[in-house]
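Chemist: Take a look at query.csv, CSV, C-alpha atoms and all ligand atoms:
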chain,number,residue,atom,x,y,z
A,1141,MET,CA,0.0,0.0,0.0
A,1142,GLU,CA,1.1,3.6,-0.7
A,1143,CYS,CA,2.9,5.3,2.2
A,1144,ILE,CA,0.6,8.3,2.9
A,1145,ILE,CA,2.0,11.3,4.6
A,1146,ILE,CA,-0.2,14.4,5.2
A,1147,THR,CA,1.6,17.5,6.4
A,1148,ILE,CA,0.1,20.6,8.0
A,1149,ASP,CA,2.3,23.6,8.7
A,1150,GLY,CA,1.5,27.1,10.0
A,1151,ALA,CA,2.2,29.6,12.7
A,1152,SER,CA,1.2,29.2,16.3
A,1153,SER,CA,-2.5,28.5,17.2
A,1154,THR,CA,-3.8,28.6,13.7
A,1155,GLY,CA,-5.7,25.3,14.3
A,1156,LYS,CA,-3.1,22.9,12.8
A,1157,SER,CA,-3.3,20.3,15.6
A,1158,SER,CA,-7.1,20.4,15.7
A,1159,LEU,CA,-7.3,19.9,12.0
A,1160,ALA,CA,-4.6,17.2,12.0
A,1161,LYS,CA,-6.4,15.3,14.8
A,1162,ALA,CA,-9.7,15.4,12.9
A,1163,ILE,CA,-8.1,14.3,9.6
A,1164,ALA,CA,-6.2,11.5,11.4
A,1165,LYS,CA,-9.4,10.2,13.0
A,1166,HIS,CA,-11.3,10.3,9.8
A,1167,TYR,CA,-8.8,8.2,7.9
A,1168,GLY,CA,-7.6,6.1,10.8
A,1169,PHE,CA,-4.1,7.5,10.6
A,1170,LYS,CA,-1.7,8.4,13.3
A,1171,HIS,CA,-1.4,12.1,14.3
A,1172,ILE,CA,2.1,13.4,15.2
A,1173,ASP,CA,2.2,16.9,16.8
A,1174,SER,CA,5.8,17.9,16.1
A,1175,GLY,CA,5.4,21.0,18.2
A,1176,ALA,CA,4.8,18.8,21.2
A,1177,MET,CA,8.2,17.2,20.6
A,1178,TYR,CA,10.0,20.6,20.8
A,1179,ARG,CA,7.9,21.5,23.8
A,1180,ALA,CA,8.9,18.2,25.5
A,1181,LEU,CA,12.6,19.0,25.1
A,1182,THR,CA,12.0,22.5,26.4
A,1183,PHE,CA,10.2,21.0,29.4
A,1184,TYR,CA,13.1,18.7,30.0
A,1185,ALA,CA,15.6,21.6,29.9
A,1186,GLN,CA,13.5,23.6,32.4
A,1187,ASP,CA,13.0,20.6,34.7
A,1188,TYR,CA,16.7,20.0,34.8
A,1189,ASN,CA,17.5,23.6,35.4
A,1190,LEU,CA,19.3,24.0,32.0
A,1191,LEU,CA,16.9,26.7,30.8
A,1192,SER,CA,15.5,29.7,32.8
A,1193,ASP,CA,15.0,33.4,32.3
A,1194,HIS,CA,18.6,33.9,33.0
A,1195,LYS,CA,20.4,31.1,31.3
A,1196,PHE,CA,20.3,28.4,28.6
A,1197,ASP,CA,22.9,25.7,28.9
A,1198,VAL,CA,22.8,24.6,25.2
A,1199,GLU,CA,26.0,22.5,25.5
A,1200,THR,CA,24.7,20.4,28.4
A,1201,LEU,CA,21.3,19.8,26.7
A,1202,ILE,CA,23.1,18.7,23.5
A,1203,ALA,CA,25.2,16.3,25.5
A,1204,ARG,CA,22.1,14.9,27.2
A,1205,LEU,CA,20.3,14.2,23.8
A,1206,PRO,CA,21.3,10.5,23.7
A,1207,THR,CA,19.5,10.0,27.0
A,1208,ILE,CA,16.3,11.8,26.0
A,1209,ASP,CA,13.5,9.7,24.6
A,1210,ILE,CA,10.6,11.7,23.1
A,1211,ASP,CA,7.8,9.6,21.8
A,1212,PHE,CA,4.0,9.3,21.5
A,1213,THR,CA,1.6,6.9,23.2
A,1214,LYS,CA,-0.7,4.7,21.1
A,1215,LYS,CA,-3.3,7.5,21.6
A,1216,ASP,CA,-0.9,10.1,20.4
A,1217,SER,CA,0.0,11.7,23.8
A,1218,ILE,CA,3.5,13.1,24.1
A,1219,MET,CA,5.9,11.2,26.3
A,1220,LEU,CA,9.3,12.1,27.7
A,1221,ASN,CA,11.4,9.2,28.9
A,1222,GLY,CA,8.3,7.1,29.3
A,1223,GLN,CA,6.2,9.7,31.2
A,1224,ILE,CA,3.1,11.3,29.6
A,1225,ILE,CA,3.6,15.1,29.8
A,1226,GLU,CA,0.7,16.3,27.7
A,1227,ASP,CA,-0.4,19.0,30.2
A,1228,GLU,CA,3.1,20.1,31.2
A,1229,VAL,CA,4.1,20.9,27.6
A,1230,ARG,CA,1.2,23.3,27.1
A,1231,SER,CA,2.1,25.6,29.9
A,1232,MET,CA,3.0,29.3,29.3
A,1233,GLU,CA,6.4,28.6,30.9
A,1234,VAL,CA,7.2,26.2,28.1
A,1235,SER,CA,5.6,28.4,25.4
A,1236,ASN,CA,7.7,31.3,26.5
A,1237,LYS,CA,11.0,29.4,25.8
A,1238,VAL,CA,10.2,26.7,23.2
A,1239,SER,CA,11.2,28.8,20.2
A,1240,LEU,CA,14.7,29.4,21.7
A,1241,VAL,CA,15.2,25.7,21.9
A,1242,ALA,CA,13.7,25.1,18.4
A,1243,LYS,CA,16.0,27.5,16.7
A,1244,GLU,CA,19.2,25.5,17.6
A,1245,PRO,CA,20.2,23.3,14.6
A,1246,GLN,CA,21.4,20.4,16.8
A,1247,PHE,CA,18.0,20.1,18.4
A,1248,ARG,CA,16.3,20.4,15.0
A,1249,GLN,CA,18.5,17.5,13.6
A,1250,PHE,CA,17.5,15.4,16.6
A,1251,MET,CA,13.8,16.0,16.1
A,1252,VAL,CA,13.8,15.7,12.3
A,1253,ALA,CA,15.4,12.3,12.5
A,1254,LYS,CA,12.8,11.2,15.1
A,1255,GLN,CA,10.0,12.6,13.0
A,1256,ARG,CA,11.1,10.8,9.9
A,1257,GLN,CA,11.3,7.6,11.9
A,1258,LEU,CA,7.8,8.1,13.3
A,1259,GLY,CA,6.4,8.8,9.8
A,1260,ALA,CA,8.4,6.1,8.0
A,1261,LYS,CA,5.5,3.6,7.9
A,1262,GLY,CA,3.1,6.2,6.5
A,1263,ASN,CA,-0.6,6.7,7.2
A,1264,VAL,CA,0.4,9.7,9.3
A,1265,VAL,CA,-0.7,13.3,9.7
A,1266,MET,CA,2.1,15.4,11.0
A,1267,ASP,CA,1.8,19.1,11.9
A,1268,GLY,CA,4.4,21.7,12.7
A,1269,ARG,CA,6.5,24.5,11.1
A,1270,ASP,CA,8.9,22.6,8.7
A,1271,ILE,CA,7.1,19.3,8.1
A,1272,GLY,CA,6.3,19.9,4.4
A,1273,SER,CA,9.4,21.9,3.7
A,1274,VAL,CA,12.1,19.9,5.5
A,1275,VAL,CA,10.9,16.7,7.2
A,1276,PHE,CA,8.8,15.3,4.4
A,1277,PRO,CA,9.3,17.4,1.3
A,1278,ASN,CA,7.8,14.6,-0.8
A,1279,ALA,CA,4.6,14.2,1.3
A,1280,THR,CA,1.4,12.9,-0.4
A,1281,ILE,CA,-0.3,16.2,0.3
A,1282,LYS,CA,0.7,19.4,2.1
A,1283,PHE,CA,-1.4,22.0,3.8
A,1284,PHE,CA,-0.5,25.4,5.2
A,1285,LEU,CA,-2.9,26.9,7.7
A,1286,GLU,CA,-3.3,30.7,8.2
A,1287,ALA,CA,-5.4,32.7,10.7
A,1288,SER,CA,-5.5,36.3,11.9
A,1289,MET,CA,-3.7,37.3,15.0
A,1290,GLU,CA,-7.1,37.9,16.7
A,1291,VAL,CA,-8.4,34.4,15.9
A,1292,ARG,CA,-5.2,32.9,17.0
A,1293,THR,CA,-5.0,34.8,20.3
A,1294,ASN,CA,-8.6,34.0,21.1
A,1295,ARG,CA,-8.2,30.3,20.4
A,1296,ARG,CA,-5.1,30.0,22.6
A,1297,TYR,CA,-6.5,32.2,25.4
A,1298,ALA,CA,-9.7,30.0,25.6
A,1299,GLU,CA,-7.6,26.8,25.6
A,1300,LEU,CA,-5.4,28.0,28.4
A,1301,ILE,CA,-8.2,29.4,30.5
A,1302,GLU,CA,-10.1,26.1,30.1
A,1303,LYS,CA,-7.1,24.3,31.5
A,1304,GLY,CA,-7.0,26.7,34.5
A,1305,GLU,CA,-3.8,28.5,33.5
A,1306,PRO,CA,-3.9,32.0,34.9
A,1307,VAL,CA,-3.0,34.1,31.8
A,1308,SER,CA,-4.0,37.4,30.3
A,1309,ILE,CA,-5.0,37.9,26.7
A,1310,GLY,CA,-2.1,40.4,26.3
A,1311,GLU,CA,0.4,37.8,27.6
A,1312,VAL,CA,-1.0,35.2,25.1
A,1313,GLN,CA,-0.8,37.6,22.2
A,1314,ALA,CA,2.8,38.7,23.1
A,1315,ASN,CA,3.9,35.1,23.2
A,1316,ILE,CA,2.4,34.3,19.8
A,1317,ALA,CA,4.0,37.4,18.3
A,1318,LYS,CA,7.4,36.6,19.8
A,1319,ARG,CA,7.3,33.0,18.6
A,1320,ASP,CA,6.1,34.1,15.1
A,1321,TYR,CA,9.2,36.3,14.9
A,1322,ILE,CA,11.7,33.8,16.1
A,1323,ASP,CA,10.2,30.9,14.1
A,1324,SER,CA,10.0,32.9,10.9
A,1325,ASN,CA,13.5,34.5,11.2
A,1326,ARG,CA,15.7,31.6,12.3
A,1327,ASP,CA,18.4,30.4,10.0
A,1328,ASP,CA,17.6,26.7,10.2
A,1329,SER,CA,14.3,25.7,8.6
A,1330,PRO,CA,12.2,28.8,9.3
A,1331,LEU,CA,8.5,28.8,9.0
A,1332,ILE,CA,7.6,29.1,5.3
A,1333,VAL,CA,4.8,28.0,3.0
A,1334,PRO,CA,6.2,24.7,1.6
A,1335,GLU,CA,6.4,24.2,-2.1
A,1336,ASN,CA,3.1,22.8,-3.5
A,1337,ALA,CA,1.2,23.3,-0.2
A,1338,ILE,CA,-2.5,24.1,-0.3
A,1339,VAL,CA,-3.0,27.3,1.8
A,1340,LEU,CA,-6.2,27.3,3.9
A,1341,SER,CA,-7.5,30.1,6.1
A,1342,ASN,CA,-9.1,29.4,9.5
A,1343,ASP,CA,-10.6,32.9,9.4
A,1344,LYS,CA,-12.9,32.3,6.5
A,1345,GLU,CA,-13.8,28.7,7.1
A,1346,GLY,CA,-13.8,27.7,10.8
A,1347,MET,CA,-12.9,24.2,11.7
A,1348,SER,CA,-15.7,22.3,10.0
A,1349,GLY,CA,-15.2,24.2,6.8
A,1350,LEU,CA,-11.4,23.5,6.9
A,1351,PHE,CA,-12.0,19.8,7.5
A,1352,ALA,CA,-14.4,19.6,4.5
A,1353,LEU,CA,-11.9,21.4,2.3
A,1354,ALA,CA,-8.9,19.4,3.4
A,1355,THR,CA,-10.6,16.0,3.2
A,1356,ALA,CA,-12.0,16.8,-0.3
A,1357,GLU,CA,-8.4,17.5,-1.4
A,1358,ILE,CA,-7.1,14.4,0.3
A,1359,ASP,CA,-9.8,12.2,-1.3
A,1360,LYS,CA,-8.9,13.6,-4.7
A,1361,ARG,CA,-5.3,12.3,-4.2
A,1362,LEU,CA,-6.2,9.0,-2.6
A,1363,LEU,CA,-8.8,7.9,-5.1
A,1401,LIG,O1,0.7,25.0,19.7
A,1401,LIG,P1,1.4,26.0,18.9
A,1401,LIG,O2,0.9,26.1,17.5
A,1401,LIG,O3,1.4,27.3,19.5
A,1401,LIG,O4,2.9,25.6,18.8
A,1401,LIG,P2,3.5,24.2,18.6
A,1401,LIG,O5,3.1,23.6,17.3
A,1401,LIG,O6,3.3,23.4,19.8
A,1401,LIG,O7,5.1,24.5,18.5
A,1401,LIG,C1,5.8,25.1,19.5
A,1401,LIG,C2,7.1,25.6,19.0
A,1401,LIG,O8,7.9,24.6,18.5
A,1401,LIG,C3,7.0,26.6,17.8
A,1401,LIG,O9,6.7,27.9,18.2
A,1401,LIG,C4,8.3,26.4,17.2
A,1401,LIG,O10,9.3,27.2,17.8
A,1401,LIG,C5,8.7,25.0,17.4
A,1401,LIG,N1,8.4,24.1,16.3
A,1401,LIG,C6,9.3,24.0,15.3
A,1401,LIG,O11,10.3,24.8,15.3
A,1401,LIG,N2,9.2,23.1,14.3
A,1401,LIG,C7,8.1,22.3,14.2
A,1401,LIG,N3,8.0,21.4,13.2
A,1401,LIG,C8,7.1,22.4,15.2
A,1401,LIG,C9,7.3,23.3,16.2
Is it possible to give me this structure as structure tokens?

Modeler:
Amino acid sequence: MECIIITIDGASSTGKSSLAKAIAKHYGFKHIDSGAMYRALTFYAQDYNLLSDHKFDVETLIARLPTIDIDFTKKDSIMLNGQIIEDEVRSMEVSNKVSLVAKEPQFRQFMVAKQRQLGAKGNVVMDGRDIGSVVFPNATIKFFLEASMEVRTNRRYAELIEKGEPVSIGEVQANIAKRDYIDSNRDDSPLIVPENAIVLSNDKEGMSGLFALATAEIDKRLL
């Protein structure tokens, strides 16, 4: 059977993961949230005191990479060295530092290798920033998701409040804007619209409209 890989890239909180989950469920595919992998490494660095507001010990984190196992459970929850850390990785503390970790080429190489391994068997929907451009440039079908700053901020704010995280809307917007800047301007695999990607807007469609558009495109390729 053909090895089907669907990629969804886009900036923070555009709805990539929600769309990826819905598509994966519809086709019975695995969903890999590559952002959760960078978040897991950031959580590790913070937990082991290698990363704080005052320091980032990149060298020690690089040296520890062979001892760090980042994987997903059968139900697609993120695991760090065998422990599920799905809630921990979504905290503002992690969001505030993850782009600093993700811009380092050595950490990107580590993640890209793991992502290719996770996607090797196919039947996978993977979302992130560089999935269609770098990780799987020959994917079966690529999407790029856009949304206005207002929609993105409101989405993320509602998610965090529902989880009981005490954030302000200003803090959420500042974090999204800062990550946009770092993710789009880094030297190694910056956020771009991958070649041949279908660009979808969450502003115009909303999630059910996006799902309908995306599955129609996928069905065209699969039939
Ligand atoms: O949930 P949200 O869309 O805000 O972000 P995420 O997908 O969880 O990604 C968190 C961070 O990881 C991003 O801001 C990027 O810095 C980094 N990332 C990346 O560099 N490459 C990827 N393929 C995925 C995420």

Chemist: Nearest to A:Cys1143 among A:Met1289, A:Val1307, A:Leu1340, A:Ile1281, with distances taken over all atoms listed in the file: which residue is it?

Modeler: A:Ile1281

Chemist: Find the residues near ligand LIG 1401 (chain A). Use a cut-off of 8 Å, count all atoms listed in the file, and write them as a VMD selection string.

Modeler: chain A and resid 1149 to 1157 1173 to 1179 1230 1235 1238 to 1243 1248 1267 to 1271 1296 1316 1319 to 1320 1322 to 1323 1329 to 1331

Chemist: Please provide the set of residues having any atom within 8 Å of A:Thr1147, restricted to only C-alpha atoms, with same-chain residues fewer than 5 positions apart removed, written as an mmCIF file with C-alpha atoms, keeping the file's coordinate frame.

Modeler:
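And here is the file that came out, out_16.cif:
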data_model
loop_
_atom_site.group_PDB
_atom_site.id
_atom_site.type_symbol
_atom_site.label_atom_id
_atom_site.label_comp_id
_atom_site.auth_asym_id
_atom_site.auth_seq_id
_atom_site.Cartn_x
_atom_site.Cartn_y
_atom_site.Cartn_z
ATOM 1 C CA VAL A 1265 -0.700 13.300 9.700
ATOM 2 C CA MET A 1266 2.100 15.400 11.000
ATOM 3 C CA ASP A 1267 1.800 19.100 11.900
ATOM 4 C CA ILE A 1271 7.100 19.300 8.100
ATOM 5 C CA GLY A 1272 6.300 19.900 4.400
ATOM 6 C CA PHE A 1276 8.800 15.300 4.400
ATOM 7 C CA ALA A 1279 4.600 14.200 1.300
ATOM 8 C CA ILE A 1281 -0.300 16.200 0.300
ATOM 9 C CA LYS A 1282 0.700 19.400 2.100
ATOM 10 C CA PHE A 1283 -1.400 22.000 3.800
#

Chemist: Rounded to one decimal, what separation in Å do you get between atom CA of A:Ser1308 and atom CA of A:Glu1228?

Modeler: 18.7 Å

Chemist: Kindly give the distance, in Å, that separates atom CA of A:Glu1290 and atom CA of A:Ser1158, rounded to a single decimal.

Modeler: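 Atom-to-atom, atom CA of A:Glu1290 and atom CA of A:Ser1158 are spaced 17.5 Å apart.
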
Chemist: Grab the atom CA of A:Met1347 to atom CA of A:Tyr1297 distance for me, in Å with one decimal place.

Modeler: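 Result for atom CA of A:Met1347 versus atom CA of A:Tyr1297: 17.1 Å, one decimal.
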
Chemist: What lies within 12 Å of stretch 1185-1197 of chain A using only C-alpha atoms, ignoring chain neighbours under 4 positions off, as an NGL selection string?

Modeler: :A and (1178-1181 or 1201-1205 or 1208 or 1220 or 1225 or 1228-1229 or 1231 or 1233-1238 or 1240-1241 or 1244 or 1247)

Chemist: May I ask which of the residues A:Ile1172, A:Ile1144, A:Val1264, A:Val1198 is the closest one to A:Ile1218, counting all atoms listed in the file?

Modeler: A:Ile1172

Chemist: Around (-3.4, 24.2, 0.2), as given in the file, which residues come within 10 Å? Count all atoms listed in the file and list them as a list of chain:residue names.

Modeler: A:Ile1148, A:Ile1281, A:Lys1282, A:Phe1283, A:Phe1284, A:Leu1285, A:Val1333, A:Pro1334, A:Asn1336, A:Ala1337, A:Ile1338, A:Val1339, A:Leu1340, A:Ser1341, A:Leu1353, A:Ala1354, A:Glu1357

Chemist: Under the rule that all atoms listed in the file are counted, which of A:Thr1207, A:Ala1314, A:Lys1215, A:Asn1278 is the nearest residue to A:Phe1250?

Modeler: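 Ranked by minimum distance to A:Phe1250, first place goes to A:Thr1207.
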
Chemist: Of the candidates A:Glu1305, A:Ile1145, A:Ala1298, A:Ser1217, which one gets nearest to A:Arg1256 if we count all atoms listed in the file?

Modeler: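 Closest candidate: A:Ile1145.
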
Chemist: Can you work out which one of A:Ala1162, A:Ile1301, A:Ala1260, A:Asn1221 has the shortest atom-to-atom distance to A:Phe1183, counting all atoms listed in the file?

Modeler: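 Counting all atoms listed in the file, the residue closest to A:Phe1183 is A:Asn1221.
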
Chemist: I need the residue nearest A:Arg1361 from this list: A:Glu1199, A:Asn1294, A:Glu1335, A:Thr1280. Use all atoms listed in the file for the distance.

Modeler: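 Answer, going by the shortest atom-to-atom distance: A:Thr1280.
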